[in-house]
$ cat work-v7.txt   # compact mmCIF, N, CA and C atoms
# COMPACT_ATOMS: atom_id res chain seq x y z
N MET A 2 0.83 -1.18 0.00
CA MET A 2 0.00 0.00 0.00
C MET A 2 0.88 1.25 0.00
N ILE A 3 0.46 2.24 -0.72
CA ILE A 3 1.15 3.53 -0.75
C ILE A 3 0.19 4.59 -0.22
N GLU A 4 0.65 5.30 0.78
CA GLU A 4 -0.14 6.40 1.33
C GLU A 4 0.65 7.69 1.13
N ILE A 5 0.01 8.66 0.52
CA ILE A 5 0.61 9.98 0.32
C ILE A 5 -0.28 10.96 1.08
N ASN A 6 0.30 11.62 2.09
CA ASN A 6 -0.48 12.48 2.97
C ASN A 6 0.05 13.90 2.99
N HIS A 7 -0.68 14.81 2.39
CA HIS A 7 -0.41 16.26 2.46
C HIS A 7 1.04 16.61 2.08
N VAL A 8 1.50 16.04 0.98
CA VAL A 8 2.89 16.27 0.55
C VAL A 8 3.01 17.59 -0.22
N ASP A 9 4.00 18.38 0.21
CA ASP A 9 4.36 19.63 -0.47
C ASP A 9 5.81 19.52 -0.92
N LYS A 10 6.07 19.99 -2.13
CA LYS A 10 7.44 19.98 -2.67
C LYS A 10 7.69 21.32 -3.34
N TRP A 11 8.78 21.96 -2.93
CA TRP A 11 9.18 23.24 -3.48
C TRP A 11 10.52 23.13 -4.19
N TYR A 12 10.68 23.84 -5.29
CA TYR A 12 11.96 24.07 -5.94
C TYR A 12 12.20 25.56 -5.81
N GLY A 13 12.94 25.96 -4.79
CA GLY A 13 13.12 27.39 -4.54
C GLY A 13 11.78 28.03 -4.25
N GLY A 14 11.39 29.02 -5.05
CA GLY A 14 10.12 29.70 -4.87
C GLY A 14 8.96 29.07 -5.62
N PHE A 15 9.21 27.97 -6.34
CA PHE A 15 8.17 27.32 -7.13
C PHE A 15 7.65 26.09 -6.40
N GLN A 16 6.34 26.04 -6.17
CA GLN A 16 5.74 24.89 -5.51
C GLN A 16 5.30 23.88 -6.56
N ALA A 17 6.01 22.76 -6.62
CA ALA A 17 5.72 21.72 -7.61
C ALA A 17 4.58 20.80 -7.17
N LEU A 18 4.48 20.54 -5.86
CA LEU A 18 3.41 19.71 -5.31
C LEU A 18 2.76 20.46 -4.16
N LYS A 19 1.44 20.48 -4.16
CA LYS A 19 0.72 21.19 -3.11
C LYS A 19 -0.34 20.27 -2.51
N ASP A 20 -0.14 19.90 -1.24
CA ASP A 20 -1.10 19.12 -0.48
C ASP A 20 -1.54 17.84 -1.21
N CYS A 21 -0.59 17.11 -1.79
CA CYS A 21 -0.92 15.86 -2.49
C CYS A 21 -1.29 14.80 -1.47
N THR A 22 -2.46 14.22 -1.65
CA THR A 22 -2.94 13.20 -0.74
C THR A 22 -3.69 12.14 -1.55
N THR A 23 -3.28 10.87 -1.35
CA THR A 23 -4.00 9.76 -1.97
C THR A 23 -3.55 8.47 -1.30
N SER A 24 -4.28 7.42 -1.55
CA SER A 24 -3.95 6.11 -1.03
C SER A 24 -4.11 5.11 -2.16
N ILE A 25 -3.12 4.23 -2.31
CA ILE A 25 -3.14 3.24 -3.38
C ILE A 25 -3.01 1.86 -2.75
N ALA A 26 -3.99 1.01 -2.99
CA ALA A 26 -4.01 -0.34 -2.41
C ALA A 26 -3.09 -1.27 -3.17
N LYS A 27 -2.63 -2.30 -2.50
CA LYS A 27 -1.79 -3.31 -3.13
C LYS A 27 -2.53 -3.91 -4.32
N GLY A 28 -1.86 -4.00 -5.45
CA GLY A 28 -2.45 -4.56 -6.66
C GLY A 28 -3.24 -3.56 -7.49
N GLU A 29 -3.50 -2.40 -6.94
CA GLU A 29 -4.24 -1.38 -7.67
C GLU A 29 -3.33 -0.75 -8.72
N VAL A 30 -3.87 -0.48 -9.89
CA VAL A 30 -3.13 0.17 -10.96
C VAL A 30 -3.57 1.62 -11.02
N VAL A 31 -2.61 2.53 -10.96
CA VAL A 31 -2.91 3.95 -10.94
C VAL A 31 -2.12 4.64 -12.05
N VAL A 32 -2.75 5.57 -12.72
CA VAL A 32 -2.09 6.37 -13.74
C VAL A 32 -1.98 7.79 -13.22
N VAL A 33 -0.77 8.34 -13.27
CA VAL A 33 -0.55 9.73 -12.90
C VAL A 33 -0.46 10.50 -14.21
N CYS A 34 -1.43 11.37 -14.45
CA CYS A 34 -1.43 12.09 -15.72
C CYS A 34 -1.70 13.57 -15.50
N GLY A 35 -1.32 14.35 -16.47
CA GLY A 35 -1.50 15.79 -16.40
C GLY A 35 -0.59 16.47 -17.40
N PRO A 36 -0.75 17.76 -17.57
CA PRO A 36 0.07 18.47 -18.54
C PRO A 36 1.53 18.54 -18.10
N SER A 37 2.38 18.85 -19.05
CA SER A 37 3.80 19.02 -18.76
C SER A 37 3.98 20.07 -17.67
N GLY A 38 4.82 19.75 -16.68
CA GLY A 38 5.09 20.69 -15.60
C GLY A 38 4.10 20.63 -14.45
N SER A 39 3.18 19.66 -14.47
CA SER A 39 2.16 19.60 -13.41
C SER A 39 2.62 18.84 -12.16
N GLY A 40 3.80 18.22 -12.20
CA GLY A 40 4.34 17.56 -11.03
C GLY A 40 4.28 16.05 -11.04
N LYS A 41 3.94 15.44 -12.16
CA LYS A 41 3.82 13.98 -12.24
C LYS A 41 5.13 13.29 -11.87
N SER A 42 6.19 13.63 -12.56
CA SER A 42 7.49 12.99 -12.30
C SER A 42 7.99 13.33 -10.91
N THR A 43 7.77 14.55 -10.47
CA THR A 43 8.20 14.95 -9.13
C THR A 43 7.52 14.09 -8.08
N LEU A 44 6.22 13.87 -8.21
CA LEU A 44 5.48 13.04 -7.25
C LEU A 44 6.04 11.63 -7.22
N ILE A 45 6.24 11.05 -8.39
CA ILE A 45 6.72 9.67 -8.45
C ILE A 45 8.14 9.56 -7.89
N LYS A 46 8.97 10.56 -8.14
CA LYS A 46 10.33 10.55 -7.58
C LYS A 46 10.29 10.70 -6.06
N CYS A 47 9.34 11.46 -5.54
CA CYS A 47 9.19 11.58 -4.08
C CYS A 47 8.78 10.25 -3.47
N VAL A 48 7.90 9.52 -4.13
CA VAL A 48 7.46 8.22 -3.62
C VAL A 48 8.65 7.27 -3.48
N ASN A 49 9.58 7.34 -4.39
CA ASN A 49 10.74 6.45 -4.38
C ASN A 49 11.94 7.07 -3.66
N ALA A 50 11.72 8.22 -2.99
CA ALA A 50 12.77 8.93 -2.26
C ALA A 50 13.94 9.34 -3.14
N LEU A 51 13.66 9.56 -4.41
CA LEU A 51 14.69 10.08 -5.31
C LEU A 51 14.70 11.60 -5.29
N GLU A 52 13.65 12.16 -4.72
CA GLU A 52 13.49 13.61 -4.62
C GLU A 52 12.95 13.91 -3.21
N PRO A 53 13.62 14.78 -2.46
CA PRO A 53 13.11 15.10 -1.12
C PRO A 53 11.89 16.02 -1.22
N PHE A 54 11.03 15.97 -0.20
CA PHE A 54 9.88 16.88 -0.16
C PHE A 54 9.89 17.60 1.18
N GLN A 55 9.24 18.76 1.24
CA GLN A 55 9.35 19.63 2.40
C GLN A 55 8.37 19.30 3.52
N SER A 56 7.18 18.83 3.19
CA SER A 56 6.22 18.53 4.25
C SER A 56 5.30 17.40 3.82
N GLY A 57 4.63 16.83 4.81
CA GLY A 57 3.75 15.69 4.57
C GLY A 57 4.50 14.40 4.79
N GLU A 58 3.86 13.30 4.39
CA GLU A 58 4.52 12.01 4.53
C GLU A 58 4.09 11.07 3.42
N ILE A 59 5.00 10.17 3.08
CA ILE A 59 4.72 9.10 2.13
C ILE A 59 5.09 7.81 2.84
N ILE A 60 4.13 6.87 2.86
CA ILE A 60 4.33 5.61 3.56
C ILE A 60 4.13 4.46 2.58
N LEU A 61 5.15 3.60 2.47
CA LEU A 61 5.08 2.42 1.62
C LEU A 61 5.05 1.19 2.51
N ASP A 62 3.92 0.48 2.51
CA ASP A 62 3.77 -0.72 3.34
C ASP A 62 4.22 -0.47 4.77
N GLY A 63 3.81 0.65 5.34
CA GLY A 63 4.11 0.96 6.73
C GLY A 63 5.46 1.61 6.97
N ILE A 64 6.25 1.82 5.93
CA ILE A 64 7.58 2.41 6.06
C ILE A 64 7.53 3.85 5.58
N LYS A 65 7.92 4.79 6.45
CA LYS A 65 7.93 6.21 6.08
C LYS A 65 9.14 6.52 5.20
N VAL A 66 8.87 6.99 4.00
CA VAL A 66 9.92 7.28 3.03
C VAL A 66 10.89 8.34 3.56
N ASN A 67 10.38 9.36 4.22
CA ASN A 67 11.23 10.48 4.65
C ASN A 67 11.76 10.33 6.08
N ASP A 68 11.63 9.15 6.67
CA ASP A 68 12.22 8.90 7.99
C ASP A 68 13.71 8.68 7.80
N PRO A 69 14.57 9.43 8.51
CA PRO A 69 16.01 9.28 8.33
C PRO A 69 16.53 7.86 8.64
N ARG A 70 15.75 7.08 9.37
CA ARG A 70 16.16 5.71 9.70
C ARG A 70 15.79 4.70 8.62
N THR A 71 15.03 5.13 7.62
CA THR A 71 14.59 4.22 6.57
C THR A 71 15.78 3.80 5.70
N ASP A 72 15.88 2.50 5.46
CA ASP A 72 16.91 1.93 4.59
C ASP A 72 16.44 2.12 3.14
N LEU A 73 16.87 3.23 2.52
CA LEU A 73 16.37 3.58 1.19
C LEU A 73 16.72 2.56 0.11
N PRO A 74 17.94 2.02 0.06
CA PRO A 74 18.20 1.00 -0.97
C PRO A 74 17.26 -0.21 -0.84
N LYS A 75 16.99 -0.63 0.39
CA LYS A 75 16.08 -1.75 0.61
C LYS A 75 14.66 -1.38 0.18
N LEU A 76 14.24 -0.17 0.51
CA LEU A 76 12.91 0.30 0.12
C LEU A 76 12.80 0.38 -1.40
N ARG A 77 13.81 0.95 -2.05
CA ARG A 77 13.78 1.10 -3.51
C ARG A 77 13.78 -0.24 -4.24
N ALA A 78 14.33 -1.27 -3.62
CA ALA A 78 14.32 -2.60 -4.23
C ALA A 78 12.91 -3.14 -4.36
N ARG A 79 11.97 -2.58 -3.60
CA ARG A 79 10.58 -3.03 -3.61
C ARG A 79 9.68 -2.16 -4.49
N VAL A 80 10.21 -1.05 -5.00
CA VAL A 80 9.40 -0.10 -5.77
C VAL A 80 10.00 0.04 -7.16
N GLY A 81 9.19 -0.20 -8.17
CA GLY A 81 9.67 -0.08 -9.54
C GLY A 81 9.14 1.18 -10.20
N MET A 82 9.96 1.76 -11.04
CA MET A 82 9.57 2.96 -11.79
C MET A 82 10.04 2.79 -13.23
N VAL A 83 9.23 3.24 -14.16
CA VAL A 83 9.63 3.24 -15.56
C VAL A 83 9.42 4.64 -16.10
N PHE A 84 10.49 5.26 -16.55
CA PHE A 84 10.41 6.60 -17.12
C PHE A 84 10.25 6.48 -18.63
N GLN A 85 9.66 7.50 -19.23
CA GLN A 85 9.42 7.46 -20.66
C GLN A 85 10.69 7.72 -21.47
N HIS A 86 11.55 8.59 -21.00
CA HIS A 86 12.71 8.98 -21.81
C HIS A 86 14.03 8.70 -21.10
N PHE A 87 14.99 8.27 -21.86
CA PHE A 87 16.40 8.22 -21.49
C PHE A 87 16.78 7.21 -20.42
N GLU A 88 15.85 6.57 -19.77
CA GLU A 88 16.23 5.68 -18.70
C GLU A 88 16.27 4.21 -19.12
N LEU A 89 15.94 3.91 -20.36
CA LEU A 89 16.07 2.54 -20.86
C LEU A 89 17.45 2.39 -21.48
N PHE A 90 18.00 1.19 -21.37
CA PHE A 90 19.29 0.93 -21.99
C PHE A 90 19.06 0.71 -23.49
N PRO A 91 19.58 1.61 -24.35
CA PRO A 91 19.28 1.52 -25.78
C PRO A 91 19.84 0.27 -26.45
N HIS A 92 20.86 -0.35 -25.87
CA HIS A 92 21.49 -1.53 -26.46
C HIS A 92 20.84 -2.84 -25.99
N MET A 93 19.79 -2.71 -25.18
CA MET A 93 19.10 -3.89 -24.66
C MET A 93 17.66 -3.93 -25.16
N THR A 94 17.14 -5.13 -25.36
CA THR A 94 15.75 -5.28 -25.82
C THR A 94 14.79 -4.89 -24.69
N ALA A 95 13.51 -4.77 -25.05
CA ALA A 95 12.48 -4.47 -24.05
C ALA A 95 12.50 -5.52 -22.94
N LEU A 96 12.60 -6.79 -23.32
CA LEU A 96 12.64 -7.86 -22.34
C LEU A 96 13.85 -7.72 -21.42
N GLN A 97 15.02 -7.47 -21.99
CA GLN A 97 16.22 -7.33 -21.18
C GLN A 97 16.13 -6.12 -20.25
N ASN A 98 15.57 -5.01 -20.72
CA ASN A 98 15.42 -3.83 -19.88
C ASN A 98 14.52 -4.12 -18.68
N VAL A 99 13.41 -4.82 -18.89
CA VAL A 99 12.48 -5.10 -17.79
C VAL A 99 13.07 -6.15 -16.84
N MET A 100 13.88 -7.05 -17.35
CA MET A 100 14.51 -8.07 -16.52
C MET A 100 15.63 -7.51 -15.65
N GLU A 101 16.24 -6.42 -16.07
CA GLU A 101 17.46 -5.91 -15.44
C GLU A 101 17.30 -5.68 -13.93
N GLY A 102 16.23 -5.03 -13.52
CA GLY A 102 16.04 -4.75 -12.09
C GLY A 102 15.92 -6.00 -11.25
N PRO A 103 14.99 -6.91 -11.59
CA PRO A 103 14.88 -8.13 -10.78
C PRO A 103 16.17 -8.96 -10.74
N VAL A 104 16.89 -9.05 -11.86
CA VAL A 104 18.12 -9.85 -11.90
C VAL A 104 19.24 -9.17 -11.12
N THR A 105 19.43 -7.88 -11.34
CA THR A 105 20.55 -7.17 -10.73
C THR A 105 20.30 -6.81 -9.27
N VAL A 106 19.11 -6.27 -8.97
CA VAL A 106 18.83 -5.78 -7.62
C VAL A 106 18.35 -6.90 -6.69
N LYS A 107 17.42 -7.70 -7.20
CA LYS A 107 16.82 -8.72 -6.33
C LYS A 107 17.43 -10.11 -6.51
N ARG A 108 18.39 -10.22 -7.43
CA ARG A 108 19.08 -11.50 -7.68
C ARG A 108 18.12 -12.61 -8.09
N THR A 109 17.08 -12.24 -8.86
CA THR A 109 16.11 -13.21 -9.36
C THR A 109 16.76 -14.05 -10.45
N ASP A 110 16.44 -15.32 -10.47
CA ASP A 110 16.90 -16.23 -11.52
C ASP A 110 16.47 -15.67 -12.88
N ARG A 111 17.36 -15.75 -13.88
CA ARG A 111 17.08 -15.16 -15.20
C ARG A 111 15.81 -15.75 -15.83
N ARG A 112 15.59 -17.03 -15.67
CA ARG A 112 14.40 -17.65 -16.28
C ARG A 112 13.13 -17.10 -15.62
N ALA A 113 13.13 -16.98 -14.30
CA ALA A 113 11.98 -16.44 -13.58
C ALA A 113 11.78 -14.96 -13.91
N ALA A 114 12.89 -14.23 -14.03
CA ALA A 114 12.81 -12.80 -14.37
C ALA A 114 12.25 -12.62 -15.78
N ALA A 115 12.62 -13.49 -16.71
CA ALA A 115 12.11 -13.39 -18.08
C ALA A 115 10.60 -13.65 -18.11
N GLU A 116 10.16 -14.63 -17.33
CA GLU A 116 8.73 -14.93 -17.26
C GLU A 116 7.96 -13.74 -16.68
N LEU A 117 8.49 -13.17 -15.60
CA LEU A 117 7.88 -11.99 -14.99
C LEU A 117 7.86 -10.83 -15.98
N ALA A 118 8.97 -10.60 -16.67
CA ALA A 118 9.08 -9.49 -17.62
C ALA A 118 8.09 -9.65 -18.77
N ARG A 119 7.94 -10.85 -19.28
CA ARG A 119 6.97 -11.07 -20.36
C ARG A 119 5.55 -10.72 -19.90
N GLY A 120 5.22 -11.12 -18.69
CA GLY A 120 3.89 -10.80 -18.15
C GLY A 120 3.70 -9.30 -17.99
N LEU A 121 4.73 -8.62 -17.51
CA LEU A 121 4.63 -7.17 -17.34
C LEU A 121 4.53 -6.45 -18.67
N LEU A 122 5.31 -6.90 -19.66
CA LEU A 122 5.22 -6.29 -20.99
C LEU A 122 3.83 -6.48 -21.58
N ALA A 123 3.27 -7.67 -21.41
CA ALA A 123 1.91 -7.93 -21.90
C ALA A 123 0.90 -7.03 -21.21
N LYS A 124 1.10 -6.81 -19.92
CA LYS A 124 0.18 -5.98 -19.13
C LYS A 124 0.11 -4.55 -19.65
N VAL A 125 1.20 -4.06 -20.23
CA VAL A 125 1.21 -2.68 -20.75
C VAL A 125 1.10 -2.64 -22.27
N GLY A 126 0.62 -3.72 -22.88
CA GLY A 126 0.35 -3.75 -24.31
C GLY A 126 1.57 -3.98 -25.18
N LEU A 127 2.64 -4.55 -24.61
CA LEU A 127 3.85 -4.78 -25.39
C LEU A 127 4.15 -6.26 -25.63
N ALA A 128 3.13 -7.10 -25.52
CA ALA A 128 3.31 -8.52 -25.86
C ALA A 128 3.73 -8.58 -27.33
N GLY A 129 4.70 -9.41 -27.62
CA GLY A 129 5.20 -9.52 -28.99
C GLY A 129 6.30 -8.53 -29.31
N LYS A 130 6.60 -7.63 -28.39
CA LYS A 130 7.66 -6.62 -28.61
C LYS A 130 8.88 -6.90 -27.73
N GLU A 131 8.95 -8.10 -27.15
CA GLU A 131 10.01 -8.44 -26.22
C GLU A 131 11.41 -8.25 -26.80
N GLN A 132 11.57 -8.51 -28.10
CA GLN A 132 12.90 -8.42 -28.73
C GLN A 132 13.13 -7.07 -29.42
N SER A 133 12.20 -6.14 -29.24
CA SER A 133 12.36 -4.79 -29.81
C SER A 133 13.27 -3.95 -28.91
N TYR A 134 14.00 -3.06 -29.53
CA TYR A 134 14.86 -2.14 -28.79
C TYR A 134 14.08 -0.85 -28.51
N PRO A 135 14.47 -0.08 -27.49
CA PRO A 135 13.72 1.13 -27.13
C PRO A 135 13.46 2.06 -28.32
N ALA A 136 14.42 2.24 -29.20
CA ALA A 136 14.23 3.13 -30.36
C ALA A 136 13.15 2.63 -31.31
N GLN A 137 12.81 1.35 -31.21
CA GLN A 137 11.78 0.77 -32.08
C GLN A 137 10.39 0.85 -31.48
N LEU A 138 10.31 1.32 -30.25
CA LEU A 138 9.02 1.41 -29.54
C LEU A 138 8.55 2.86 -29.45
N SER A 139 7.25 3.05 -29.49
CA SER A 139 6.68 4.39 -29.33
C SER A 139 6.81 4.82 -27.88
N GLY A 140 7.06 6.12 -27.68
CA GLY A 140 7.07 6.67 -26.33
C GLY A 140 5.68 6.99 -25.84
N GLY A 141 4.69 6.75 -26.65
CA GLY A 141 3.32 7.01 -26.25
C GLY A 141 2.84 8.39 -26.63
N GLY A 142 3.72 9.17 -27.23
CA GLY A 142 3.36 10.54 -27.58
C GLY A 142 2.67 10.58 -28.87

$ encode --input "work-v7.txt" --output "structure tokens"
Amino acid sequence: MIEINHVDKWYGGFQALKDCTTSIAKGEVVVVCGPSGSGKSTLIKCVNALEPFQSGEIILDGIKVNDPRTDLPKLRARVGMVFQHFELFPHMTALQNVMEGPVTVKRTDRRAAAELARGLLAKVGLAGKEQSYPAQLSGGG
């Protein structure tokens, strides 16, 4: 479960997030959408503690993201993020890119990681594109 409670994020004098509050249940699929500059990426980076926030709290399965005692590498190993641009390895296929995290971070067996990756690719409409490279796939734009 992800709980986001009254999160505010500032970049100098610019407030990127204002009183963001929501709750996401385990297994629930959520889409964060909005115009460019509305704070989508900032919110997602705050959830994964890649970006600090000034007030509020984010709790992942009972663990407070902004608690100084939180083991961030361990927390991040449980949270996956996929960015639209520049974060895919261009020399690796879609299947290899999706397998990389489970194999490298969680030490998942390659066969099990491939099975998981195929299921995830199918879930986002990329079944049959496992051997395609990022440049061969649409960014959704």

$ residues_around --input "work-v7.txt" --residues "A:Pro135" --least-positions-apart "2" --cutoff "6.5 Å" --atoms "all atoms listed in the file" --output "list in words"
Phe90, Pro91, Met93, Thr94, Ala95, Ser133, Gln137, Leu138 and Ser139 of chain A

$ select_by_dssp --input "work-v7.txt" --residues "stretch 2-72 of chain A" --states "helix (DSSP H, G or I)" --output "list in words"
Lys41, Ser42, Thr43, Leu44, Ile45, Lys46, Cys47 and Val48 of chain A

$ write_last_selection --input "work-v7.txt" --atoms "N, CA and C atoms" --output "PDB file, in the frame of the given file"
ATOM      1  N   LYS A  41       3.940  15.440 -12.160  1.00  0.00           N
ATOM      2  CA  LYS A  41       3.820  13.980 -12.240  1.00  0.00           C
ATOM      3  C   LYS A  41       5.130  13.290 -11.870  1.00  0.00           C
ATOM      4  N   SER A  42       6.190  13.630 -12.560  1.00  0.00           N
ATOM      5  CA  SER A  42       7.490  12.990 -12.300  1.00  0.00           C
ATOM      6  C   SER A  42       7.990  13.330 -10.910  1.00  0.00           C
ATOM      7  N   THR A  43       7.770  14.550 -10.470  1.00  0.00           N
ATOM      8  CA  THR A  43       8.200  14.950  -9.130  1.00  0.00           C
ATOM      9  C   THR A  43       7.520  14.090  -8.080  1.00  0.00           C
ATOM     10  N   LEU A  44       6.220  13.870  -8.210  1.00  0.00           N
ATOM     11  CA  LEU A  44       5.480  13.040  -7.250  1.00  0.00           C
ATOM     12  C   LEU A  44       6.040  11.630  -7.220  1.00  0.00           C
ATOM     13  N   ILE A  45       6.240  11.050  -8.390  1.00  0.00           N
ATOM     14  CA  ILE A  45       6.720   9.670  -8.450  1.00  0.00           C
ATOM     15  C   ILE A  45       8.140   9.560  -7.890  1.00  0.00           C
ATOM     16  N   LYS A  46       8.970  10.560  -8.140  1.00  0.00           N
ATOM     17  CA  LYS A  46      10.330  10.550  -7.580  1.00  0.00           C
ATOM     18  C   LYS A  46      10.290  10.700  -6.060  1.00  0.00           C
ATOM     19  N   CYS A  47       9.340  11.460  -5.540  1.00  0.00           N
ATOM     20  CA  CYS A  47       9.190  11.580  -4.080  1.00  0.00           C
ATOM     21  C   CYS A  47       8.780  10.250  -3.470  1.00  0.00           C
ATOM     22  N   VAL A  48       7.900   9.520  -4.130  1.00  0.00           N
ATOM     23  CA  VAL A  48       7.460   8.220  -3.620  1.00  0.00           C
ATOM     24  C   VAL A  48       8.650   7.270  -3.480  1.00  0.00           C
TER      25      VAL A  48
END

$ atom_distance --input "work-v7.txt" --atom1 "atom CA of A:Val104" --atom2 "atom CA of A:Lys46"
22.3 Å

$ atom_distance --input "work-v7.txt" --atom1 "atom CA of A:Asp110" --atom2 "atom CA of A:Ile45"
28.0 Å

$ atom_distance --input "work-v7.txt" --atom1 "atom C of A:Thr22" --atom2 "atom CA of A:Pro36"
18.5 Å

$ closest_atom_pairs --input "work-v7.txt" --of "stretch 28-86 of chain A" --to "stretch 9-18 of chain A" --cutoff "5 Å" --atoms "only N, CA and C atoms" --output "Markdown table"
| residue | atom | partner | partner_atom | distance |
| --- | --- | --- | --- | --- |
| A:Phe54 | CA | A:Lys10 | CA | 4.7 |
| A:Gln55 | N | A:Asp9 | C | 4.1 |
| A:Ser56 | C | A:Asp9 | N | 4.0 |
| A:Gly57 | N | A:Asp9 | N | 4.9 |

$ select_by_dssp --input "work-v7.txt" --residues "chain A" --states "strand (DSSP E)" --output "mmCIF file with N, CA and C atoms, in the frame of the given file"
data_model
loop_
_atom_site.group_PDB
_atom_site.id
_atom_site.type_symbol
_atom_site.label_atom_id
_atom_site.label_comp_id
_atom_site.auth_asym_id
_atom_site.auth_seq_id
_atom_site.Cartn_x
_atom_site.Cartn_y
_atom_site.Cartn_z
ATOM 1 N N ILE A 3 0.460 2.240 -0.720
ATOM 2 C CA ILE A 3 1.150 3.530 -0.750
ATOM 3 C C ILE A 3 0.190 4.590 -0.220
ATOM 4 N N GLU A 4 0.650 5.300 0.780
ATOM 5 C CA GLU A 4 -0.140 6.400 1.330
ATOM 6 C C GLU A 4 0.650 7.690 1.130
ATOM 7 N N ILE A 5 0.010 8.660 0.520
ATOM 8 C CA ILE A 5 0.610 9.980 0.320
ATOM 9 C C ILE A 5 -0.280 10.960 1.080
ATOM 10 N N ASN A 6 0.300 11.620 2.090
ATOM 11 C CA ASN A 6 -0.480 12.480 2.970
ATOM 12 C C ASN A 6 0.050 13.900 2.990
ATOM 13 N N HIS A 7 -0.680 14.810 2.390
ATOM 14 C CA HIS A 7 -0.410 16.260 2.460
ATOM 15 C C HIS A 7 1.040 16.610 2.080
ATOM 16 N N VAL A 8 1.500 16.040 0.980
ATOM 17 C CA VAL A 8 2.890 16.270 0.550
ATOM 18 C C VAL A 8 3.010 17.590 -0.220
ATOM 19 N N ASP A 9 4.000 18.380 0.210
ATOM 20 C CA ASP A 9 4.360 19.630 -0.470
ATOM 21 C C ASP A 9 5.810 19.520 -0.920
ATOM 22 N N LYS A 10 6.070 19.990 -2.130
ATOM 23 C CA LYS A 10 7.440 19.980 -2.670
ATOM 24 C C LYS A 10 7.690 21.320 -3.340
ATOM 25 N N TRP A 11 8.780 21.960 -2.930
ATOM 26 C CA TRP A 11 9.180 23.240 -3.480
ATOM 27 C C TRP A 11 10.520 23.130 -4.190
ATOM 28 N N TYR A 12 10.680 23.840 -5.290
ATOM 29 C CA TYR A 12 11.960 24.070 -5.940
ATOM 30 C C TYR A 12 12.200 25.560 -5.810
ATOM 31 N N PHE A 15 9.210 27.970 -6.340
ATOM 32 C CA PHE A 15 8.170 27.320 -7.130
ATOM 33 C C PHE A 15 7.650 26.090 -6.400
ATOM 34 N N GLN A 16 6.340 26.040 -6.170
ATOM 35 C CA GLN A 16 5.740 24.890 -5.510
ATOM 36 C C GLN A 16 5.300 23.880 -6.560
ATOM 37 N N ALA A 17 6.010 22.760 -6.620
ATOM 38 C CA ALA A 17 5.720 21.720 -7.610
ATOM 39 C C ALA A 17 4.580 20.800 -7.170
ATOM 40 N N LEU A 18 4.480 20.540 -5.860
ATOM 41 C CA LEU A 18 3.410 19.710 -5.310
ATOM 42 C C LEU A 18 2.760 20.460 -4.160
ATOM 43 N N LYS A 19 1.440 20.480 -4.160
ATOM 44 C CA LYS A 19 0.720 21.190 -3.110
ATOM 45 C C LYS A 19 -0.340 20.270 -2.510
ATOM 46 N N ASP A 20 -0.140 19.900 -1.240
ATOM 47 C CA ASP A 20 -1.100 19.120 -0.480
ATOM 48 C C ASP A 20 -1.540 17.840 -1.210
ATOM 49 N N CYS A 21 -0.590 17.110 -1.790
ATOM 50 C CA CYS A 21 -0.920 15.860 -2.490
ATOM 51 C C CYS A 21 -1.290 14.800 -1.470
ATOM 52 N N THR A 22 -2.460 14.220 -1.650
ATOM 53 C CA THR A 22 -2.940 13.200 -0.740
ATOM 54 C C THR A 22 -3.690 12.140 -1.550
ATOM 55 N N THR A 23 -3.280 10.870 -1.350
ATOM 56 C CA THR A 23 -4.000 9.760 -1.970
ATOM 57 C C THR A 23 -3.550 8.470 -1.300
ATOM 58 N N SER A 24 -4.280 7.420 -1.550
ATOM 59 C CA SER A 24 -3.950 6.110 -1.030
ATOM 60 C C SER A 24 -4.110 5.110 -2.160
ATOM 61 N N ILE A 25 -3.120 4.230 -2.310
ATOM 62 C CA ILE A 25 -3.140 3.240 -3.380
ATOM 63 C C ILE A 25 -3.010 1.860 -2.750
ATOM 64 N N SER A 56 7.180 18.830 3.190
ATOM 65 C CA SER A 56 6.220 18.530 4.250
ATOM 66 C C SER A 56 5.300 17.400 3.820
ATOM 67 N N GLY A 57 4.630 16.830 4.810
ATOM 68 C CA GLY A 57 3.750 15.690 4.570
ATOM 69 C C GLY A 57 4.500 14.400 4.790
ATOM 70 N N GLU A 58 3.860 13.300 4.390
ATOM 71 C CA GLU A 58 4.520 12.010 4.530
ATOM 72 C C GLU A 58 4.090 11.070 3.420
ATOM 73 N N ILE A 59 5.000 10.170 3.080
ATOM 74 C CA ILE A 59 4.720 9.100 2.130
ATOM 75 C C ILE A 59 5.090 7.810 2.840
ATOM 76 N N ILE A 60 4.130 6.870 2.860
ATOM 77 C CA ILE A 60 4.330 5.610 3.560
ATOM 78 C C ILE A 60 4.130 4.460 2.580
ATOM 79 N N LEU A 61 5.150 3.600 2.470
ATOM 80 C CA LEU A 61 5.080 2.420 1.620
ATOM 81 C C LEU A 61 5.050 1.190 2.510
ATOM 82 N N ILE A 64 6.250 1.820 5.930
ATOM 83 C CA ILE A 64 7.580 2.410 6.060
ATOM 84 C C ILE A 64 7.530 3.850 5.580
ATOM 85 N N LYS A 65 7.920 4.790 6.450
ATOM 86 C CA LYS A 65 7.930 6.210 6.080
ATOM 87 C C LYS A 65 9.140 6.520 5.200
#

$ closest_residue --input "work-v7.txt" --among "A:Ile60, A:Leu96, A:Ile5, A:Val33" --to "A:Gln132" --atoms "all atoms listed in the file"
A:Leu96

$ closest_residue --input "work-v7.txt" --among "A:Ala115, A:Val31, A:Cys47, A:Ile25" --to "A:Val66" --atoms "only N, CA and C atoms"
A:Cys47

$ residues_around --input "work-v7.txt" --residues "A:Ala26" --least-positions-apart "5" --cutoff "8 Å" --atoms "all atoms listed in the file" --output "ChimeraX atom specification"
/A:2-4

$ write_last_selection --input "work-v7.txt" --atoms "N, CA and C atoms" --output "short mmCIF file (atom, residue, chain, number, x, y, z; two decimals), in the coordinates of the input"
data_model
loop_
_atom_site.label_atom_id
_atom_site.label_comp_id
_atom_site.auth_asym_id
_atom_site.auth_seq_id
_atom_site.Cartn_x
_atom_site.Cartn_y
_atom_site.Cartn_z
N MET A 2 0.83 -1.18 0.00
CA MET A 2 0.00 0.00 0.00
C MET A 2 0.88 1.25 0.00
N ILE A 3 0.46 2.24 -0.72
CA ILE A 3 1.15 3.53 -0.75
C ILE A 3 0.19 4.59 -0.22
N GLU A 4 0.65 5.30 0.78
CA GLU A 4 -0.14 6.40 1.33
C GLU A 4 0.65 7.69 1.13
#
